[in-house]
Amino acid sequence: MTELGLMHARRGVLPEHYALFGKSMVNTLTAGLKTSYKPPVHKSWLKFISMASKAMISDFQENPDILSDDLSIHKIKILQDTWKIVNQNKLVGRLIFLRLFEIHPEAEYYFSFTVDKDYQTNPKF
Ligand code: HEM
């Protein structure tokens with residue numbers, strides 16, 4: 001189970017999501033199997049869901065740093081959302097460079113586009 005639990009955690013699935021997922025599974029099985037969804041069937045599925053969830057949740061709990069160490073789906077979403085907000089005028093990339101050169105003028109040397117001494121007013125910059 002270890003890989004499966006960690007894969008889910010990396011994708012942003014949290015322990016509290018498992019109960020909801022279990023309910024959806026039981027719900028779908030009940031609807032799909034209709035009268036065949038008898039108590040032993042229900043018990044077997046509940047057992048599987050509970051065992052799998054427990055194992056997968058403990059994978060996550062044993063590796064709580066998984067979300068902070070990895071660039072998880074959750075973090076990627078935060079990056080995309082905040083970049084969208086900050087880059088509404090499409091100028092933020094340019095501002096980052098201007099700020100860098102303001103703090104560290106010597107850094108200009110490492111960027112080829114600065115050979116053009118008028119690069120700051122060049123529309124391509
Ligand atoms: C008993 C609990 C669960 C089991 C046994 C289970 C099992 C699986 C399996 C076998 C896969 C495919 C893995 C692969 O492609 O290698 C998968 C994928 C996935 N599961 Fe679960 N899962 C469980 C709970 C959950 C929960 C609680 C969520 C979130 C609400 C979730 C979301 C996902 C997602 C997003 C994928 C990837 C789908 C894709 O893009 O291919 N799963 N799961």
# chains A, B, ... in the order shown; residues from 1 in each chain; ligands from 1

$ residues_near_ligand --ligand "ligand 1" --cutoff "6 Å" --atoms "only C-alpha atoms and all ligand atoms" --output "number ranges by chain"
A: 13, 17-18, 21, 49, 52-53

$ write_last_selection --atoms "N, CA and C atoms" --output "compact mmCIF listing (two decimals), in the first residue's frame"
# COMPACT_ATOMS: atom_id res chain seq x y z
N VAL A 13 -4.38 14.46 -1.55
CA VAL A 13 -5.46 13.78 -0.82
C VAL A 13 -5.09 13.74 0.67
N HIS A 17 -10.27 13.02 3.62
CA HIS A 17 -10.97 12.76 2.36
C HIS A 17 -11.41 11.31 2.24
N TYR A 18 -10.77 10.42 3.01
CA TYR A 18 -11.04 8.99 2.84
C TYR A 18 -12.45 8.58 3.24
N PHE A 21 -14.77 9.50 0.51
CA PHE A 21 -14.55 8.60 -0.62
C PHE A 21 -15.21 7.24 -0.34
N ILE A 49 -12.60 -1.13 2.30
CA ILE A 49 -12.43 0.33 2.29
C ILE A 49 -11.71 0.78 3.55
N ALA A 52 -7.98 -0.44 3.49
CA ALA A 52 -7.18 0.30 2.51
C ALA A 52 -6.99 1.74 2.98
N SER A 53 -8.08 2.37 3.47
CA SER A 53 -7.98 3.76 3.92
C SER A 53 -6.99 3.87 5.06

$ residues_around --residues "A:Gly12" --least-positions-apart "2" --cutoff "6 Å" --atoms "only C-alpha atoms" --output "list in words"
Ala9, Arg10, Ile73 and His74 of chain A

$ write_last_selection --atoms "C-alpha atoms" --output "PDB file, in the first residue's frame"
ATOM      1  CA  ALA A   9      -0.769  12.297  -0.469  1.00  0.00           C
ATOM      2  CA  ARG A  10       1.439  13.793  -3.190  1.00  0.00           C
ATOM      3  CA  ILE A  73      -0.499  19.201  -6.773  1.00  0.00           C
ATOM      4  CA  HIS A  74      -1.710  21.394  -3.923  1.00  0.00           C
TER       5      HIS A  74
END

$ residues_around --residues "A:Pro15" --least-positions-apart "3" --cutoff "9 Å" --atoms "only C-alpha atoms" --output "ChimeraX atom specification"
/A:9,18-19,53-54,56-58,60-61

$ select_by_dssp --residues "stretch 6-38 of chain A" --states "helix (DSSP H, G or I)" --output "CSV table (one decimal) with N, CA and C atoms, in the first residue's frame"
chain,number,residue,atom,x,y,z
A,6,LEU,N,1.2,7.1,-0.6
A,6,LEU,CA,2.1,8.3,-0.8
A,6,LEU,C,1.7,9.0,-2.1
A,7,MET,N,1.3,8.2,-3.1
A,7,MET,CA,0.9,8.8,-4.4
A,7,MET,C,-0.3,9.7,-4.2
A,8,HIS,N,-1.3,9.2,-3.4
A,8,HIS,CA,-2.4,10.0,-3.1
A,8,HIS,C,-2.1,11.3,-2.3
A,9,ALA,N,-1.2,11.1,-1.3
A,9,ALA,CA,-0.8,12.3,-0.5
A,9,ALA,C,-0.1,13.3,-1.4
A,10,ARG,N,0.7,12.9,-2.3
A,10,ARG,CA,1.4,13.8,-3.2
A,10,ARG,C,0.5,14.6,-4.1
A,17,HIS,N,-10.3,13.0,3.6
A,17,HIS,CA,-11.0,12.8,2.4
A,17,HIS,C,-11.4,11.3,2.2
A,18,TYR,N,-10.8,10.4,3.0
A,18,TYR,CA,-11.0,9.0,2.8
A,18,TYR,C,-12.4,8.6,3.2
A,19,ALA,N,-13.0,9.2,4.3
A,19,ALA,CA,-14.3,8.8,4.8
A,19,ALA,C,-15.3,9.2,3.7
A,20,LEU,N,-15.1,10.3,3.1
A,20,LEU,CA,-16.1,10.8,2.1
A,20,LEU,C,-16.0,9.9,0.8
A,21,PHE,N,-14.8,9.5,0.5
A,21,PHE,CA,-14.6,8.6,-0.6
A,21,PHE,C,-15.2,7.2,-0.3
A,22,GLY,N,-15.1,6.8,0.9
A,22,GLY,CA,-15.7,5.5,1.3
A,22,GLY,C,-17.2,5.5,1.2
A,23,LYS,N,-17.8,6.7,1.6
A,23,LYS,CA,-19.2,6.8,1.5
A,23,LYS,C,-19.7,6.8,0.0
A,24,SER,N,-18.9,7.5,-0.8
A,24,SER,CA,-19.3,7.5,-2.2
A,24,SER,C,-19.2,6.1,-2.8
A,25,MET,N,-18.2,5.3,-2.4
A,25,MET,CA,-18.0,4.0,-2.9
A,25,MET,C,-19.2,3.1,-2.5
A,26,VAL,N,-19.6,3.1,-1.2
A,26,VAL,CA,-20.7,2.4,-0.7
A,26,VAL,C,-22.0,2.8,-1.4
A,27,ASN,N,-22.1,4.0,-1.6
A,27,ASN,CA,-23.3,4.6,-2.3
A,27,ASN,C,-23.4,4.1,-3.7
A,28,THR,N,-22.3,4.1,-4.4
A,28,THR,CA,-22.3,3.6,-5.8
A,28,THR,C,-22.5,2.1,-5.9
A,29,LEU,N,-21.9,1.4,-5.0
A,29,LEU,CA,-22.1,-0.1,-5.0
A,29,LEU,C,-23.6,-0.4,-4.7
A,30,THR,N,-24.1,0.3,-3.7
A,30,THR,CA,-25.6,0.0,-3.4
A,30,THR,C,-26.4,0.2,-4.6
A,31,ALA,N,-26.2,1.3,-5.3
A,31,ALA,CA,-27.0,1.7,-6.4
A,31,ALA,C,-26.8,0.7,-7.6
A,32,GLY,N,-25.5,0.3,-7.8
A,32,GLY,CA,-25.1,-0.6,-8.9
A,32,GLY,C,-25.6,-2.0,-8.7
A,33,LEU,N,-25.5,-2.5,-7.5
A,33,LEU,CA,-25.8,-3.9,-7.2
A,33,LEU,C,-27.2,-4.2,-6.8
A,34,LYS,N,-27.9,-3.1,-6.6
A,34,LYS,CA,-29.4,-3.2,-6.2
A,34,LYS,C,-29.6,-4.2,-5.1
A,35,THR,N,-30.5,-5.2,-5.5
A,35,THR,CA,-30.9,-6.2,-4.4
A,35,THR,C,-29.7,-7.2,-4.1
A,36,SER,N,-28.7,-7.2,-5.0
A,36,SER,CA,-27.6,-8.1,-4.7
A,36,SER,C,-26.7,-7.5,-3.6

$ atom_distance --atom1 "atom CA of A:Pro64" --atom2 "atom CA of A:Thr82"
24.4 Å

$ closest_residue --among "A:Glu106, A:Gln88, A:Leu4, A:Arg11" --to "A:Ile76" --atoms "only C-alpha atoms"
A:Arg11
